[in-house]
Amino acid sequence: MDTTNPDPRPGQARETVRVELGPRSYDVLVGSDLLREAGALLAPLLPGRSAIVVTDSVVANVYLDSTLDALKEAGFACSHVIVDAGEHSKDLATLGGVLDDILGRGIERTTTLVALGGGVVGDLTGFAASVLLRGVPFVQIPTTLLAQVDSGVGGKTGVNSTHGKNLIGTFYQPRLVLADVATLGTLPARELRAGYAEIVKYGLIDDPEFFAWLERNGAALLAGDRDLTRTAVAHSCRAKARIVAADERESGTRALLNLGHTFAHALEAETGYDGSLLHGEAVAYGIVLAHRLSAALGHCTGDDAARVTAHFRAIDLPSEAAALPAIRWDPPALIARMRRDKKVQDGRMTFVLTRGIGRAFLSQDVPPEALGGLLDQAFDQGARSASR
């Protein structure tokens, strides 16, 4: 359990979280207005002074010029690559285009890729860095809440397949993560809420005091309180850093970070990654389903599941199937998606279940009839609600 007091510390403008991985250790800097210092912060950590910023078509309009200026001020020779915004860009076709574009510039092994954007850009850039010239340095500058607390930290990279989410990728750690919470001020409210789902996850895994803190402060955080946001981001990064340091390649405890994700990835795949369901929205409902499944199997109480449901409902994240996109949800199709999940072992699905708030555990002993019954009930009720 992370027993660090999550309450904001007045006057503390930034925090440093260390991800301890021996010679591949790195810092996550959390604070406001870090972007303007990007060049000065990166220069001491990198082997060369050549950088290529990879970003998307939305973020480029807001932060690309200032990022390039900050790098140039520190003596970097810079260029950039822009991909289309959205989950649809997280595929092999886009990756191939990025790789060809970068290789056409005659890069060296000391050239650094800078991922400027959300989870799609971070995963795509990290994957590109891991395979270009068999590995070039890269840096994460996440500009979404979800990327700052989850995908930007820990070294998971990859792209989606028609068979499922994140099925093609590598483990490859960045040299530095700059989590500038000031960039969150330009996020749409829906994107901010989606990222918040990943923050809640850390409390539900093994930190019930943090979950209680979020119940008290989540609404104000989402309303734009920068001190609360910085505190929650740093607390989440500390939790993830601790887990990644203990299990970098997800052979054990790191899999707990997938709370709700087995359901979420199947839901996202069923939408075809068309943007109608954001990753964090799918995670929120996946976490609800994980707690309801745990309650149905007798691992936790119905009150625990109801408490989680109530919190997501209170901050307007999906807590019932009726809140999902209006498509025909087919429980057998969802289960088929889950069977192709990365965590399947010997044909057995792995679920993150819970014995109560902050007491998550891994299980491969979920009876098929319990899973099918849960989904049948959830989506039957959702269909009835949607038809009213």
# chains A, B, ... in the order shown; residues from 1 in each chain; ligands from 1
$ residues_around --residues "Leu167 in chain A" --least-positions-apart "3" --cutoff "10 Å" --atoms "only C-alpha atoms" --output "PyMOL selection string"
chain A and resi 158-164+170+340-342
$ residues_around --residues "Leu297 in chain A" --least-positions-apart "3" --cutoff "12 Å" --atoms "only C-alpha atoms" --output "ChimeraX atom specification"
/A:290-294,300-302,353-355,363,365-371,373-374
$ residues_around --residues "Leu222 in chain A" --least-positions-apart "6" --cutoff "10 Å" --atoms "only C-alpha atoms" --output "NGL selection string"
:A and (189-190 or 192-193 or 195-196 or 228-229 or 315)
$ write_last_selection --atoms "N, CA and C atoms" --output "mmCIF file, in the first residue's frame"
data_model
loop_
_atom_site.group_PDB
_atom_site.id
_atom_site.type_symbol
_atom_site.label_atom_id
_atom_site.label_comp_id
_atom_site.auth_asym_id
_atom_site.auth_seq_id
_atom_site.Cartn_x
_atom_site.Cartn_y
_atom_site.Cartn_z
ATOM 1 N N ALA A 189 -13.580 18.377 -21.187
ATOM 2 C CA ALA A 189 -14.009 17.772 -19.918
ATOM 3 C C ALA A 189 -14.136 16.253 -20.035
ATOM 4 N N ARG A 190 -14.595 15.784 -21.178
ATOM 5 C CA ARG A 190 -14.758 14.337 -21.352
ATOM 6 C C ARG A 190 -13.410 13.623 -21.296
ATOM 7 N N LEU A 192 -10.739 14.665 -19.746
ATOM 8 C CA LEU A 192 -10.246 14.755 -18.373
ATOM 9 C C LEU A 192 -10.889 13.678 -17.506
ATOM 10 N N ARG A 193 -12.186 13.506 -17.642
ATOM 11 C CA ARG A 193 -12.870 12.454 -16.872
ATOM 12 C C ARG A 193 -12.324 11.076 -17.228
ATOM 13 N N GLY A 195 -9.373 10.244 -18.194
ATOM 14 C CA GLY A 195 -8.093 10.042 -17.531
ATOM 15 C C GLY A 195 -8.241 9.793 -16.045
ATOM 16 N N TYR A 196 -9.241 10.415 -15.459
ATOM 17 C CA TYR A 196 -9.480 10.258 -14.021
ATOM 18 C C TYR A 196 -9.768 8.801 -13.655
ATOM 19 N N LEU A 228 -4.840 19.993 -6.505
ATOM 20 C CA LEU A 228 -5.385 18.643 -6.370
ATOM 21 C C LEU A 228 -4.945 17.765 -7.529
ATOM 22 N N THR A 229 -4.934 18.349 -8.727
ATOM 23 C CA THR A 229 -4.523 17.579 -9.902
ATOM 24 C C THR A 229 -3.073 17.148 -9.791
ATOM 25 N N ILE A 315 -19.167 11.333 -10.919
ATOM 26 C CA ILE A 315 -18.313 12.205 -11.744
ATOM 27 C C ILE A 315 -18.566 11.968 -13.240
#
$ closest_atom_pairs --of "range 52-154 of chain A" --to "range 23-40 of chain A" --cutoff "9 Å" --atoms "only C-alpha atoms" --output "Markdown table"
| residue | atom | partner | partner_atom | distance |
| --- | --- | --- | --- | --- |
| A:Tyr63 | CA | A:Leu35 | CA | 8.5 |
| A:Ser66 | CA | A:Arg36 | CA | 6.9 |
| A:Thr67 | CA | A:Leu35 | CA | 6.4 |
| A:Leu68 | CA | A:Gly39 | CA | 8.6 |
| A:Asp69 | CA | A:Arg36 | CA | 8.2 |
| A:Ala70 | CA | A:Gly39 | CA | 5.1 |
| A:Leu71 | CA | A:Gly39 | CA | 4.0 |
| A:Lys72 | CA | A:Gly39 | CA | 7.1 |
| A:Glu73 | CA | A:Gly39 | CA | 6.8 |
| A:Ala74 | CA | A:Gly39 | CA | 5.0 |
| A:Gly75 | CA | A:Gly39 | CA | 7.9 |
| A:Phe76 | CA | A:Gly39 | CA | 7.6 |
| A:Ile141 | CA | A:Leu35 | CA | 8.1 |
| A:Gln148 | CA | A:Val30 | CA | 8.7 |
| A:Val153 | CA | A:Val28 | CA | 7.7 |
$ closest_residue --among "A:Gly117, A:Gly280, A:Gly358, A:Pro188" --to "Leu64 in chain A" --atoms "only C-alpha atoms"
A:Gly117
$ atom_distance --atom1 "CA of Asp330 in chain A" --atom2 "CA of Phe351 in chain A"
19.6 Å
$ select_by_dssp --residues "range 53-183 of chain A" --states "helix (DSSP H, G or I)" --output "PyMOL selection string"
chain A and resi 60-73+87-89+92-103+119-134+145-151+181-183
$ closest_atom_pairs --of "range 218-316 of chain A" --to "range 79-97 of chain A" --cutoff "9 Å" --atoms "only C-alpha atoms" --output "JSON lines"
{"residue": "A:Gly272", "atom": "CA", "partner": "A:His88", "partner_atom": "CA", "distance": 8.5}
{"residue": "A:Tyr273", "atom": "CA", "partner": "A:Glu87", "partner_atom": "CA", "distance": 5.9}
{"residue": "A:Asp274", "atom": "CA", "partner": "A:His88", "partner_atom": "CA", "distance": 6.9}
{"residue": "A:Gly275", "atom": "CA", "partner": "A:Glu87", "partner_atom": "CA", "distance": 6.9}
{"residue": "A:Leu278", "atom": "CA", "partner": "A:Glu87", "partner_atom": "CA", "distance": 8.7}
$ write_last_selection --atoms "N, CA, C and O atoms" --output "short mmCIF file (atom, residue, chain, number, x, y, z; two decimals), in the first residue's frame"
data_model
loop_
_atom_site.label_atom_id
_atom_site.label_comp_id
_atom_site.auth_asym_id
_atom_site.auth_seq_id
_atom_site.Cartn_x
_atom_site.Cartn_y
_atom_site.Cartn_z
N GLY A 272 -14.63 -0.78 -32.71
CA GLY A 272 -13.75 -0.53 -33.84
C GLY A 272 -12.85 0.67 -33.64
O GLY A 272 -12.34 1.23 -34.61
N TYR A 273 -12.65 1.07 -32.38
CA TYR A 273 -11.79 2.23 -32.05
C TYR A 273 -12.22 3.47 -32.82
O TYR A 273 -11.40 4.24 -33.33
N ASP A 274 -13.54 3.67 -32.88
CA ASP A 274 -14.06 4.79 -33.67
C ASP A 274 -14.19 6.09 -32.88
O ASP A 274 -14.71 7.08 -33.40
N GLY A 275 -13.74 6.10 -31.63
CA GLY A 275 -13.81 7.31 -30.82
C GLY A 275 -15.09 7.48 -30.04
O GLY A 275 -15.20 8.40 -29.22
N LEU A 278 -14.12 6.29 -25.21
CA LEU A 278 -12.74 6.58 -24.87
C LEU A 278 -12.19 5.48 -23.96
O LEU A 278 -12.94 4.82 -23.24
#
$ closest_residue --among "A:Val19, A:Val121, A:Ala266, A:Ala219" --to "Glu248 in chain A" --atoms "only C-alpha atoms"
A:Val19
$ atom_distance --atom1 "CA of Ala378 in chain A" --atom2 "CA of Ala197 in chain A"
19.8 Å
$ closest_residue --among "A:Arg328, A:Lys201, A:His299, A:Arg105" --to "Phe312 in chain A" --atoms "only C-alpha atoms"
A:Lys201
$ residues_around --residues "Leu184 in chain A" --least-positions-apart "2" --cutoff "9 Å" --atoms "only C-alpha atoms" --output "list of chain:residue names"
A:Thr143, A:Thr144, A:Leu145, A:Asp180, A:Val181, A:Ala182, A:Thr186, A:Leu187, A:Pro188, A:Leu192, A:Gly224
$ decode --residues "range 366-381 of chain A" --atoms "N, CA, C and O atoms" --output "mmCIF file, in the first residue's frame"
data_model
loop_
_atom_site.group_PDB
_atom_site.id
_atom_site.type_symbol
_atom_site.label_atom_id
_atom_site.label_comp_id
_atom_site.auth_asym_id
_atom_site.auth_seq_id
_atom_site.Cartn_x
_atom_site.Cartn_y
_atom_site.Cartn_z
ATOM 1 N N VAL A 366 -12.324 -17.836 -12.839
ATOM 2 C CA VAL A 366 -13.666 -17.280 -13.020
ATOM 3 C C VAL A 366 -14.491 -18.267 -13.838
ATOM 4 O O VAL A 366 -14.165 -18.544 -14.996
ATOM 5 N N PRO A 367 -15.549 -18.832 -13.267
ATOM 6 C CA PRO A 367 -16.383 -19.779 -14.014
ATOM 7 C C PRO A 367 -17.010 -19.107 -15.235
ATOM 8 O O PRO A 367 -17.509 -17.973 -15.139
ATOM 9 N N PRO A 368 -16.974 -19.739 -16.388
ATOM 10 C CA PRO A 368 -17.544 -19.137 -17.598
ATOM 11 C C PRO A 368 -18.997 -18.716 -17.418
ATOM 12 O O PRO A 368 -19.422 -17.684 -17.952
ATOM 13 N N GLU A 369 -19.750 -19.510 -16.660
ATOM 14 C CA GLU A 369 -21.162 -19.170 -16.479
ATOM 15 C C GLU A 369 -21.330 -17.889 -15.656
ATOM 16 O O GLU A 369 -22.286 -17.127 -15.862
ATOM 17 N N ALA A 370 -20.400 -17.633 -14.725
ATOM 18 C CA ALA A 370 -20.482 -16.401 -13.936
ATOM 19 C C ALA A 370 -20.181 -15.189 -14.807
ATOM 20 O O ALA A 370 -20.869 -14.160 -14.725
ATOM 21 N N LEU A 371 -19.168 -15.306 -15.657
ATOM 22 C CA LEU A 371 -18.832 -14.211 -16.558
ATOM 23 C C LEU A 371 -19.956 -13.968 -17.551
ATOM 24 O O LEU A 371 -20.384 -12.827 -17.761
ATOM 25 N N GLY A 372 -20.463 -15.030 -18.155
ATOM 26 C CA GLY A 372 -21.548 -14.886 -19.116
ATOM 27 C C GLY A 372 -22.792 -14.301 -18.476
ATOM 28 O O GLY A 372 -23.459 -13.432 -19.056
ATOM 29 N N GLY A 373 -23.102 -14.756 -17.268
ATOM 30 C CA GLY A 373 -24.279 -14.236 -16.576
ATOM 31 C C GLY A 373 -24.161 -12.762 -16.251
ATOM 32 O O GLY A 373 -25.130 -12.003 -16.379
ATOM 33 N N LEU A 374 -22.954 -12.353 -15.826
ATOM 34 C CA LEU A 374 -22.722 -10.939 -15.516
ATOM 35 C C LEU A 374 -22.957 -10.071 -16.745
ATOM 36 O O LEU A 374 -23.664 -9.053 -16.680
ATOM 37 N N LEU A 375 -22.383 -10.469 -17.876
ATOM 38 C CA LEU A 375 -22.515 -9.668 -19.098
ATOM 39 C C LEU A 375 -23.931 -9.707 -19.652
ATOM 40 O O LEU A 375 -24.461 -8.691 -20.124
ATOM 41 N N ASP A 376 -24.558 -10.870 -19.604
ATOM 42 C CA ASP A 376 -25.948 -10.960 -20.064
ATOM 43 C C ASP A 376 -26.834 -10.002 -19.272
ATOM 44 O O ASP A 376 -27.653 -9.270 -19.845
ATOM 45 N N GLN A 377 -26.681 -10.012 -17.957
ATOM 46 C CA GLN A 377 -27.499 -9.141 -17.112
ATOM 47 C C GLN A 377 -27.188 -7.674 -17.380
ATOM 48 O O GLN A 377 -28.101 -6.852 -17.525
ATOM 49 N N ALA A 378 -25.897 -7.343 -17.476
ATOM 50 C CA ALA A 378 -25.505 -5.946 -17.664
ATOM 51 C C ALA A 378 -26.053 -5.388 -18.965
ATOM 52 O O ALA A 378 -26.629 -4.292 -18.991
ATOM 53 N N PHE A 379 -25.894 -6.127 -20.053
ATOM 54 C CA PHE A 379 -26.286 -5.575 -21.344
ATOM 55 C C PHE A 379 -27.765 -5.759 -21.633
ATOM 56 O O PHE A 379 -28.341 -5.003 -22.413
ATOM 57 N N ASP A 380 -28.398 -6.713 -20.979
ATOM 58 C CA ASP A 380 -29.857 -6.809 -21.085
ATOM 59 C C ASP A 380 -30.495 -5.616 -20.387
ATOM 60 O O ASP A 380 -31.402 -4.976 -20.919
ATOM 61 N N GLN A 381 -29.990 -5.274 -19.196
ATOM 62 C CA GLN A 381 -30.503 -4.099 -18.499
ATOM 63 C C GLN A 381 -30.193 -2.827 -19.269
ATOM 64 O O GLN A 381 -31.023 -1.905 -19.339
#
